[in-house]
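Shown next: structure.txt, given as compact mmCIF, C-alpha atoms.
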```txt
# COMPACT_ATOMS: atom_id res chain seq x y z
CA MET Q 28 39.28 -53.49 -18.64
CA LYS Q 29 35.88 -54.98 -19.52
CA GLY Q 30 34.29 -52.79 -16.85
CA MET Q 31 35.89 -49.70 -18.33
CA ILE Q 32 34.65 -50.54 -21.85
CA PHE Q 33 31.14 -51.14 -20.52
CA ALA Q 34 31.15 -47.78 -18.71
CA ILE Q 35 32.27 -46.01 -21.90
CA LEU Q 36 29.49 -47.70 -23.90
CA VAL Q 37 26.89 -46.62 -21.33
CA LEU Q 38 28.18 -43.05 -21.48
CA VAL Q 39 28.05 -43.00 -25.30
CA ILE Q 40 24.52 -44.42 -25.41
CA SER Q 41 23.23 -41.96 -22.80
CA CYS Q 42 24.64 -39.03 -24.75
CA THR Q 43 23.06 -39.96 -28.07
CA PRO Q 44 20.12 -37.84 -29.29
CA LYS Q 45 17.76 -40.81 -28.89
CA GLY Q 46 18.37 -40.99 -25.18
CA LYS Q 47 18.52 -37.24 -24.54
CA VAL Q 48 15.75 -35.78 -22.40
CA GLN Q 49 14.45 -32.45 -23.69
CA VAL Q 50 12.90 -29.94 -21.30
CA VAL Q 51 9.86 -27.69 -21.59
CA SER Q 52 10.03 -25.05 -18.85
CA ALA Q 53 6.91 -23.44 -17.41
CA ASP Q 54 6.43 -21.25 -14.33
CA GLY Q 55 3.98 -18.76 -12.88
CA SER Q 56 0.54 -18.91 -11.31
CA SER Q 57 -0.18 -21.46 -8.59
CA THR Q 58 -3.84 -21.18 -9.65
CA VAL Q 59 -3.06 -22.37 -13.19
CA TYR Q 60 -0.48 -24.89 -11.95
CA PRO Q 61 -2.97 -27.81 -11.52
CA ILE Q 62 -4.08 -27.53 -15.16
CA THR Q 63 -0.58 -27.39 -16.63
CA GLU Q 64 0.63 -30.13 -14.28
CA ALA Q 65 -2.30 -32.39 -15.27
CA VAL Q 66 -1.55 -31.86 -18.97
CA ALA Q 67 2.18 -32.42 -18.36
CA ASP Q 68 1.54 -35.73 -16.55
CA LYS Q 69 -0.47 -37.08 -19.49
CA PHE Q 70 2.03 -35.77 -22.06
CA GLN Q 71 5.09 -37.24 -20.36
CA LYS Q 72 3.52 -40.71 -20.26
CA GLU Q 73 3.28 -40.58 -24.04
CA ASN Q 74 6.59 -38.74 -24.50
CA PRO Q 75 9.10 -40.07 -21.94
CA ASN Q 76 12.00 -38.24 -23.58
CA ILE Q 77 10.40 -34.84 -22.93
CA LYS Q 78 10.33 -33.48 -19.37
CA VAL Q 79 7.95 -30.65 -18.48
CA THR Q 80 8.95 -28.62 -15.42
CA VAL Q 81 6.18 -26.52 -13.82
CA GLY Q 82 7.07 -23.93 -11.17
CA ILE Q 83 4.82 -21.82 -8.94
CA SER Q 84 6.51 -18.43 -8.63
CA GLY Q 85 3.15 -16.64 -8.89
CA THR Q 86 1.89 -14.86 -11.99
CA GLY Q 87 4.16 -11.86 -11.51
CA GLY Q 88 7.17 -14.00 -10.64
CA GLY Q 89 6.50 -16.19 -13.64
CA PHE Q 90 6.34 -13.21 -16.01
CA LYS Q 91 9.69 -11.95 -14.67
CA LYS Q 92 11.32 -15.21 -15.75
CA PHE Q 93 9.33 -15.45 -18.99
CA CYS Q 94 10.17 -11.92 -20.10
CA ARG Q 95 13.88 -12.60 -19.45
CA GLY Q 96 13.65 -15.60 -21.77
CA GLU Q 97 14.19 -18.14 -18.97
CA THR Q 98 11.00 -20.15 -19.59
CA ASP Q 99 9.10 -21.44 -22.60
CA MET Q 100 5.68 -20.89 -21.07
CA SER Q 101 4.14 -18.80 -18.32
CA ASN Q 102 1.00 -19.70 -16.37
CA ALA Q 103 -1.08 -16.63 -15.47
CA SER Q 104 -4.22 -15.92 -13.49
CA ARG Q 105 -4.45 -12.41 -14.95
CA PRO Q 106 -3.52 -10.79 -18.27
CA ILE Q 107 0.04 -9.60 -18.81
CA LYS Q 108 0.65 -5.97 -17.79
CA ASP Q 109 2.06 -3.11 -19.88
CA LYS Q 110 5.30 -3.02 -17.89
CA GLU Q 111 5.75 -6.79 -18.38
CA ILE Q 112 5.06 -6.43 -22.10
CA GLU Q 113 7.71 -3.71 -22.23
CA THR Q 114 10.24 -5.96 -20.46
CA CYS Q 115 9.51 -8.74 -22.94
CA LYS Q 116 9.96 -6.29 -25.81
CA GLN Q 117 13.30 -5.06 -24.43
CA ASN Q 118 14.51 -8.65 -24.28
CA GLY Q 119 13.22 -9.58 -27.72
CA ILE Q 120 10.52 -11.93 -26.36
CA GLU Q 121 7.38 -12.25 -28.48
CA PHE Q 122 4.51 -14.18 -26.92
CA ILE Q 123 1.25 -15.88 -27.83
CA GLU Q 124 -1.52 -15.30 -25.27
CA ILE Q 125 -3.93 -18.22 -24.84
CA PRO Q 126 -6.97 -18.22 -22.52
CA ILE Q 127 -7.55 -21.74 -21.19
CA ALA Q 128 -10.23 -21.72 -18.46
CA TYR Q 129 -12.48 -19.80 -16.09
CA ASP Q 130 -11.82 -19.64 -12.37
CA ALA Q 131 -14.20 -18.80 -9.56
CA LEU Q 132 -11.88 -17.13 -7.07
CA THR Q 133 -13.16 -18.58 -3.79
CA VAL Q 134 -13.46 -17.10 -0.31
CA VAL Q 135 -13.25 -19.80 2.37
CA VAL Q 136 -13.55 -20.30 6.11
CA ASN Q 137 -12.94 -23.22 8.43
CA PRO Q 138 -15.78 -25.84 8.60
CA GLN Q 139 -16.12 -25.14 12.34
CA ASN Q 140 -17.17 -21.59 11.47
CA ASP Q 141 -20.95 -21.73 12.01
CA TRP Q 142 -21.65 -17.99 11.90
CA VAL Q 143 -20.69 -16.99 8.34
CA ASP Q 144 -23.42 -17.85 5.81
CA TYR Q 145 -22.34 -15.27 3.21
CA LEU Q 146 -20.31 -12.08 2.82
CA THR Q 147 -21.11 -8.96 0.82
CA VAL Q 148 -18.54 -7.29 -1.42
CA GLU Q 149 -18.67 -4.30 0.95
CA GLU Q 150 -17.83 -6.53 3.93
CA LEU Q 151 -14.94 -8.11 2.05
CA LYS Q 152 -13.64 -4.64 1.23
CA LYS Q 153 -13.94 -3.65 4.90
CA ILE Q 154 -11.83 -6.70 5.80
CA TRP Q 155 -9.13 -6.39 3.13
CA GLU Q 156 -8.66 -2.69 2.32
CA PRO Q 157 -5.37 -1.08 3.45
CA GLU Q 158 -7.16 1.00 6.08
CA ALA Q 159 -8.22 -2.22 7.84
CA GLN Q 160 -4.64 -3.08 8.81
CA GLY Q 161 -4.32 -3.34 12.57
CA LYS Q 162 -7.91 -2.13 13.04
CA ILE Q 163 -10.32 -4.79 11.72
CA THR Q 164 -9.00 -7.71 13.74
CA LYS Q 165 -12.11 -9.44 15.12
CA TRP Q 166 -15.13 -11.13 13.59
CA ASN Q 167 -17.64 -8.96 15.48
CA GLN Q 168 -16.22 -5.89 13.76
CA ILE Q 169 -17.72 -7.22 10.53
CA ARG Q 170 -21.15 -8.01 12.01
CA PRO Q 171 -21.92 -7.30 15.67
CA ASN Q 172 -23.64 -10.67 16.20
CA TRP Q 173 -20.52 -12.56 15.13
CA PRO Q 174 -18.02 -13.80 17.76
CA ASP Q 175 -15.69 -11.55 19.70
CA ALA Q 176 -12.83 -13.65 18.34
CA PRO Q 177 -9.70 -13.04 16.24
CA LEU Q 178 -10.09 -12.65 12.48
CA ASN Q 179 -7.12 -14.56 11.06
CA LEU Q 180 -6.56 -13.84 7.37
CA TYR Q 181 -4.89 -15.94 4.66
CA GLY Q 182 -4.42 -14.69 1.12
CA ALA Q 183 -2.36 -14.55 -2.02
CA GLY Q 184 1.21 -13.21 -2.06
CA VAL Q 185 2.02 -9.95 -3.82
CA ASP Q 186 3.56 -11.74 -6.84
CA SER Q 187 0.32 -13.64 -7.40
CA GLY Q 188 -2.17 -12.78 -10.14
CA THR Q 189 -4.83 -13.81 -7.64
CA PHE Q 190 -3.68 -10.96 -5.38
CA ASP Q 191 -3.91 -8.48 -8.26
CA TYR Q 192 -7.35 -9.66 -9.32
CA PHE Q 193 -8.84 -9.91 -5.83
CA THR Q 194 -7.68 -6.46 -4.73
CA GLU Q 195 -9.00 -4.81 -7.90
CA ALA Q 196 -12.34 -6.66 -7.79
CA ILE Q 197 -12.97 -6.22 -4.05
CA VAL Q 198 -11.05 -3.14 -2.91
CA GLY Q 199 -11.29 -1.31 -6.22
CA LYS Q 200 -7.58 -0.84 -6.85
CA GLU Q 201 -4.99 -3.41 -7.86
CA LYS Q 202 -2.53 -4.30 -5.08
CA ALA Q 203 -4.45 -2.19 -2.52
CA SER Q 204 -4.50 -4.50 0.49
CA ARG Q 205 -3.77 -4.68 4.17
CA GLY Q 206 -0.45 -6.37 4.82
CA ASP Q 207 -1.06 -8.03 8.17
CA TYR Q 208 -2.14 -11.44 6.92
CA THR Q 209 -0.52 -14.80 6.16
CA SER Q 210 0.42 -14.65 2.48
CA SER Q 211 1.78 -17.18 0.00
CA GLU Q 212 2.08 -17.74 -3.74
CA ASP Q 213 1.48 -21.42 -2.98
CA ASP Q 214 -2.26 -21.99 -2.52
CA ASN Q 215 -1.66 -25.25 -0.67
CA VAL Q 216 -0.11 -23.24 2.17
CA LEU Q 217 -3.28 -21.14 2.39
CA VAL Q 218 -5.49 -24.24 2.30
CA GLN Q 219 -3.67 -25.74 5.27
CA GLY Q 220 -3.78 -22.44 7.16
CA VAL Q 221 -7.57 -22.11 6.90
CA ALA Q 222 -8.15 -25.84 7.45
CA ASN Q 223 -6.31 -25.70 10.78
CA ASP Q 224 -7.75 -22.42 12.12
CA LYS Q 225 -11.37 -22.07 13.32
CA TYR Q 226 -11.17 -18.28 13.07
CA ALA Q 227 -9.56 -18.12 9.62
CA LEU Q 228 -10.77 -16.51 6.42
CA GLY Q 229 -8.88 -16.82 3.14
CA TYR Q 230 -9.14 -16.72 -0.65
CA PHE Q 231 -7.63 -18.68 -3.56
CA GLY Q 232 -8.50 -20.45 -6.82
CA PHE Q 233 -11.61 -22.66 -7.06
CA ALA Q 234 -9.68 -25.85 -7.85
CA TYR Q 235 -7.92 -25.72 -4.48
CA TYR Q 236 -11.30 -25.48 -2.75
CA GLU Q 237 -12.69 -28.35 -4.85
CA ALA Q 238 -9.72 -30.55 -3.96
CA ASN Q 239 -10.13 -29.79 -0.23
CA LYS Q 240 -13.91 -29.58 0.24
CA ASP Q 241 -13.76 -31.89 3.24
CA LYS Q 242 -11.70 -29.38 5.24
CA LEU Q 243 -12.92 -26.02 3.92
CA LYS Q 244 -16.22 -24.11 3.71
CA ALA Q 245 -16.85 -21.88 0.69
CA VAL Q 246 -18.54 -18.53 1.38
CA PRO Q 247 -21.26 -17.26 -1.03
CA ILE Q 248 -20.71 -13.65 -2.15
CA ASP Q 249 -23.43 -11.00 -2.38
CA ASN Q 250 -22.67 -8.45 -5.08
CA GLY Q 251 -26.02 -6.68 -4.64
CA ASN Q 252 -28.31 -9.37 -6.03
CA GLY Q 253 -28.22 -11.85 -3.17
CA PRO Q 254 -25.58 -14.42 -2.11
CA VAL Q 255 -24.14 -16.59 -4.90
CA ALA Q 256 -21.88 -19.57 -4.25
CA PRO Q 257 -18.81 -20.34 -6.38
CA SER Q 258 -19.70 -23.15 -8.79
CA TYR Q 259 -19.37 -24.27 -12.40
CA GLU Q 260 -22.97 -23.26 -13.15
CA ASN Q 261 -22.69 -19.81 -11.55
CA VAL Q 262 -19.51 -18.99 -13.45
CA VAL Q 263 -21.04 -20.04 -16.78
CA ASN Q 264 -24.29 -18.13 -16.20
CA GLY Q 265 -22.39 -15.03 -15.09
CA THR Q 266 -23.98 -14.69 -11.62
CA TYR Q 267 -20.81 -15.28 -9.58
CA GLN Q 268 -19.45 -11.76 -9.64
CA PRO Q 269 -17.05 -10.06 -9.27
CA LEU Q 270 -14.75 -13.03 -8.59
CA SER Q 271 -15.03 -14.96 -11.88
CA ARG Q 272 -11.97 -14.56 -14.10
CA PRO Q 273 -10.16 -16.11 -17.08
CA LEU Q 274 -6.92 -18.06 -16.74
CA PHE Q 275 -4.09 -18.09 -19.31
CA ILE Q 276 -0.91 -19.61 -20.61
CA TYR Q 277 1.64 -17.45 -22.44
CA VAL Q 278 3.91 -19.15 -24.97
CA ASN Q 279 7.31 -17.86 -26.08
CA LYS Q 280 6.92 -17.60 -29.87
CA GLU Q 281 10.57 -18.42 -30.58
CA SER Q 282 10.39 -21.52 -28.37
CA TYR Q 283 7.26 -22.62 -30.20
CA GLU Q 284 8.86 -22.09 -33.61
CA LYS Q 285 12.40 -23.37 -32.97
CA LYS Q 286 11.99 -26.06 -30.30
CA PRO Q 287 9.98 -29.00 -31.69
CA HIS Q 288 9.46 -30.46 -28.21
CA VAL Q 289 7.89 -27.19 -26.99
CA LYS Q 290 5.59 -27.07 -30.02
CA LYS Q 291 4.63 -30.69 -29.44
CA PHE Q 292 3.71 -30.01 -25.82
CA VAL Q 293 1.76 -26.80 -26.49
CA ASP Q 294 -0.19 -28.40 -29.35
CA TYR Q 295 -0.96 -31.36 -27.10
CA TYR Q 296 -1.97 -28.95 -24.31
CA MET Q 297 -4.64 -27.40 -26.51
CA LYS Q 298 -5.99 -30.82 -27.53
CA VAL Q 299 -6.58 -32.00 -23.95
CA VAL Q 300 -7.06 -28.69 -22.10
CA LYS Q 301 -10.85 -28.86 -21.88
CA GLU Q 302 -10.92 -32.29 -20.22
CA SER Q 303 -7.94 -31.37 -18.01
CA VAL Q 304 -9.66 -28.19 -16.83
CA ARG Q 305 -12.67 -30.22 -15.75
CA GLU Q 306 -10.50 -32.85 -14.06
CA VAL Q 307 -8.80 -30.34 -11.76
CA GLY Q 308 -12.00 -28.47 -10.87
CA TYR Q 309 -12.00 -25.35 -13.03
CA VAL Q 310 -14.57 -24.24 -15.60
CA PRO Q 311 -13.88 -24.91 -19.30
CA LEU Q 312 -14.32 -22.15 -21.84
CA PRO Q 313 -17.00 -22.36 -24.56
CA ASP Q 314 -15.94 -24.42 -27.58
CA GLU Q 315 -15.90 -21.28 -29.73
CA ALA Q 316 -13.31 -19.71 -27.42
CA TYR Q 317 -11.06 -22.79 -27.65
CA ASP Q 318 -11.43 -22.80 -31.46
CA LEU Q 319 -10.37 -19.16 -31.63
CA ALA Q 320 -7.47 -19.77 -29.22
CA ASN Q 321 -6.25 -22.67 -31.37
CA GLU Q 322 -6.50 -20.45 -34.44
CA ARG Q 323 -4.32 -17.84 -32.73
CA LEU Q 324 -1.77 -20.51 -31.89
CA LYS Q 325 -1.78 -21.90 -35.43
CA ASN Q 326 -1.28 -18.40 -36.88
CA LYS Q 327 1.20 -17.44 -34.11
CA VAL Q 328 -0.71 -14.25 -33.27
CA THR Q 329 1.38 -12.28 -30.78
CA GLY Q 330 0.47 -9.63 -28.23
CA SER Q 331 -2.26 -9.33 -25.61
CA ALA Q 332 -5.98 -9.13 -26.36
CA PHE Q 333 -6.92 -9.05 -22.68
CA LYS Q 334 -4.78 -6.41 -20.96
CA ASP Q 335 -7.26 -3.61 -21.82
CA ALA Q 336 -10.39 -5.73 -22.29
CA LYS Q 337 -13.60 -4.29 -20.87
CA PRO Q 338 -15.23 -6.24 -18.02
CA GLY Q 339 -18.26 -8.30 -18.98
CA LEU Q 340 -17.11 -9.16 -22.50
CA LYS Q 341 -17.09 -12.84 -23.41
CA ILE Q 342 -13.68 -14.38 -24.05
CA GLN Q 343 -14.57 -15.30 -27.63
CA ASP Q 344 -15.64 -11.69 -28.32
CA ILE Q 345 -12.35 -10.34 -26.96
CA LEU Q 346 -10.40 -12.72 -29.22
CA LYS Q 347 -12.49 -11.73 -32.24
CA ILE Q 348 -11.91 -8.03 -31.58
CA GLN Q 349 -8.13 -8.46 -31.49
CA ASP Q 350 -8.14 -10.67 -34.57
CA VAL Q 351 -10.00 -7.94 -36.49
CA MET Q 352 -7.52 -5.30 -35.23
CA LYS Q 353 -4.55 -7.47 -36.29
CA LYS Q 354 -5.95 -7.66 -39.82
```

Would you mind writing the structure in this file as structure tokens?
Amino acid sequence: MKGMIFAILVLVISCTPKGKVQVVSADGSSTVYPITEAVADKFQKENPNIKVTVGISGTGGGFKKFCRGETDMSNASRPIKDKEIETCKQNGIEFIEIPIAYDALTVVVNPQNDWVDYLTVEELKKIWEPEAQGKITKWNQIRPNWPDAPLNLYGAGVDSGTFDYFTEAIVGKEKASRGDYTSSEDDNVLVQGVANDKYALGYFGFAYYEANKDKLKAVPIDNGNGPVAPSYENVVNGTYQPLSRPLFIYVNKESYEKKPHVKKFVDYYMKVVKESVREVGYVPLPDEAYDLANERLKNKVTGSAFKDAKPGLKIQDILKIQDVMKK
């Protein structure tokens, strides 16, 4: 009898609001995942009754869930697309778009590769364009003095924002890519593939290279002005082109307004994002950009400022332009 009473008391206590664990759900880009996960780890230590789940379905996969109302936040390594905006609209989902960092999308080879010192954008296009499928399969087809050895490719999956960005920047058309390569939305899979294959070449977010420098070799890219390596300095000074890009989180406006635990997490996110971005190996935005992003969050400005933004514009200028248009 005493055991039964004790069990009932435990059940009652665990079901009280004080003991209830609330959930903030996020999904999307594996590139942005390390930032959101780092913020979530810090937040949960201070707020043990709030659990933050962070998935890695890829940017496109994340937006599918977000625009169906299944998640509170979506991590993205590219701006939201018109068709995704339309899906959100059809489902009554309003969103707040927040840029959080810069990424230097990084091309890598195995450390045993002693022949690649840099690649030009034209050579990358020759490797990755759809016409290369089944034809460009050896290293010496890129440069004749390179080995007569297999060219084993590793790259982002088709639901990844990294895939969208890389194909547009290198091939010239979004999603235009050969299909005969090892693909994954999980960048850790690509890291391991390149790290274990002397003849591999792959691409993914800078933070995954930074975290695995001991088993990867980054390749400088020549965009016409000489080879430039991916680095914090070269992203900030604008010389690492065309593979520098902004990263985002998208917040469901209704979740932010009606779920206090979601608002608490997102507000906390924006307080610690700069230090978290540095910790995981990405490039923080200028302070002015963070100030403008926080202002958008405070005023709950919805819609996308970046989907039609012209290349070369600074993030803070893009935000200012949309703010003027909203007024």

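Distance check against Q:Gly88 using all atoms listed in the file: of Q:Asn76, Q:Asn279, Q:Ser56, Q:Asn250, the minimum falls on Q:Ser56.
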
Work out how far apart atom CA of Q:Glu212 and atom CA of Q:Ser57 are and give it in Å to one decimal. 6.5 Å

Quick one: everything within 8 Å of Q:Ile276, counting all atoms listed in the file, minus sequence neighbours fewer than 3 positions away in the same chain. Send it as an MDAnalysis selection string. chainID Q and resid 100:103 124:127

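Taking only C-alpha atoms, the non-local environment of Q:Lys280 within 10 Å (same-chain residues fewer than 6 positions away omitted) comprises Asp99, Met100, Ile120, Glu121, Phe122, Ile123, Glu124, Lys286, Lys290, Leu324, Lys327, Val328 and Thr329 of chain Q.
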
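Counting from atom CA of Q:Glu306, the distance to atom CA of Q:Phe233 is 12.4 Å.
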
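Considering all atoms listed in the file, the residue among Q:Asn239, Q:Ser331, Q:Ser303, Q:Gln71 positioned nearest to Q:Asn137 is Q:Asn239.
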
Find the spatial neighbours of Q:Asn74, counting only C-alpha atoms, within a cut-off of 10 Å - ignore same-chain residues fewer than 4 positions away - and output them as a list in words. Val48, Ala67, Asp68, Lys69, Phe70, Lys78, His288, Lys291 and Phe292 of chain Q

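Here atom CA of Q:Val304 and atom CA of Q:Gly184 stand 23.7 Å from one another.
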
For Q:Tyr235, list every protein, DNA or RNA residue within 12 Å, evaluated using all atoms listed in the file, and leave out those in the same chain fewer than 2 positions away; present the list as a compact mmCIF listing (two decimals) with C-alpha atoms, keeping the file's coordinate frame.
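What landed in result.txt:
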```
# COMPACT_ATOMS: atom_id res chain seq x y z
CA SER Q 57 -0.18 -21.46 -8.59
CA THR Q 58 -3.84 -21.18 -9.65
CA VAL Q 59 -3.06 -22.37 -13.19
CA TYR Q 60 -0.48 -24.89 -11.95
CA PRO Q 61 -2.97 -27.81 -11.52
CA ILE Q 62 -4.08 -27.53 -15.16
CA ASP Q 130 -11.82 -19.64 -12.37
CA ALA Q 131 -14.20 -18.80 -9.56
CA LEU Q 132 -11.88 -17.13 -7.07
CA THR Q 133 -13.16 -18.58 -3.79
CA VAL Q 134 -13.46 -17.10 -0.31
CA VAL Q 135 -13.25 -19.80 2.37
CA ASP Q 213 1.48 -21.42 -2.98
CA ASP Q 214 -2.26 -21.99 -2.52
CA ASN Q 215 -1.66 -25.25 -0.67
CA VAL Q 216 -0.11 -23.24 2.17
CA LEU Q 217 -3.28 -21.14 2.39
CA VAL Q 218 -5.49 -24.24 2.30
CA GLN Q 219 -3.67 -25.74 5.27
CA VAL Q 221 -7.57 -22.11 6.90
CA ALA Q 222 -8.15 -25.84 7.45
CA GLY Q 229 -8.88 -16.82 3.14
CA TYR Q 230 -9.14 -16.72 -0.65
CA PHE Q 231 -7.63 -18.68 -3.56
CA GLY Q 232 -8.50 -20.45 -6.82
CA PHE Q 233 -11.61 -22.66 -7.06
CA GLU Q 237 -12.69 -28.35 -4.85
CA ALA Q 238 -9.72 -30.55 -3.96
CA ASN Q 239 -10.13 -29.79 -0.23
CA LYS Q 240 -13.91 -29.58 0.24
CA ASP Q 241 -13.76 -31.89 3.24
CA LYS Q 242 -11.70 -29.38 5.24
CA LEU Q 243 -12.92 -26.02 3.92
CA LYS Q 244 -16.22 -24.11 3.71
CA ALA Q 245 -16.85 -21.88 0.69
CA VAL Q 307 -8.80 -30.34 -11.76
CA GLY Q 308 -12.00 -28.47 -10.87
CA TYR Q 309 -12.00 -25.35 -13.03
```

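Residue neighbourhood of Q:Ile197, excluding near-sequence residues (fewer than 2 positions): Val148, Glu149, Leu151, Lys152, Trp155, Glu156, Tyr192, Phe193, Thr194, Glu195, Gly199, Lys200, Pro269 and Leu270 of chain Q, at 9 Å, using all atoms listed in the file.
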
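Considering all atoms listed in the file, the residue among Q:Leu340, Q:Leu312, Q:Ile83, Q:Val136 positioned nearest to Q:Tyr236 is Q:Val136.
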
Which residue gives the smallest distance to Q:Lys202 among Q:Tyr226, Q:Phe190, Q:Tyr145, Q:Phe275, with only C-alpha atoms counted? Q:Phe190
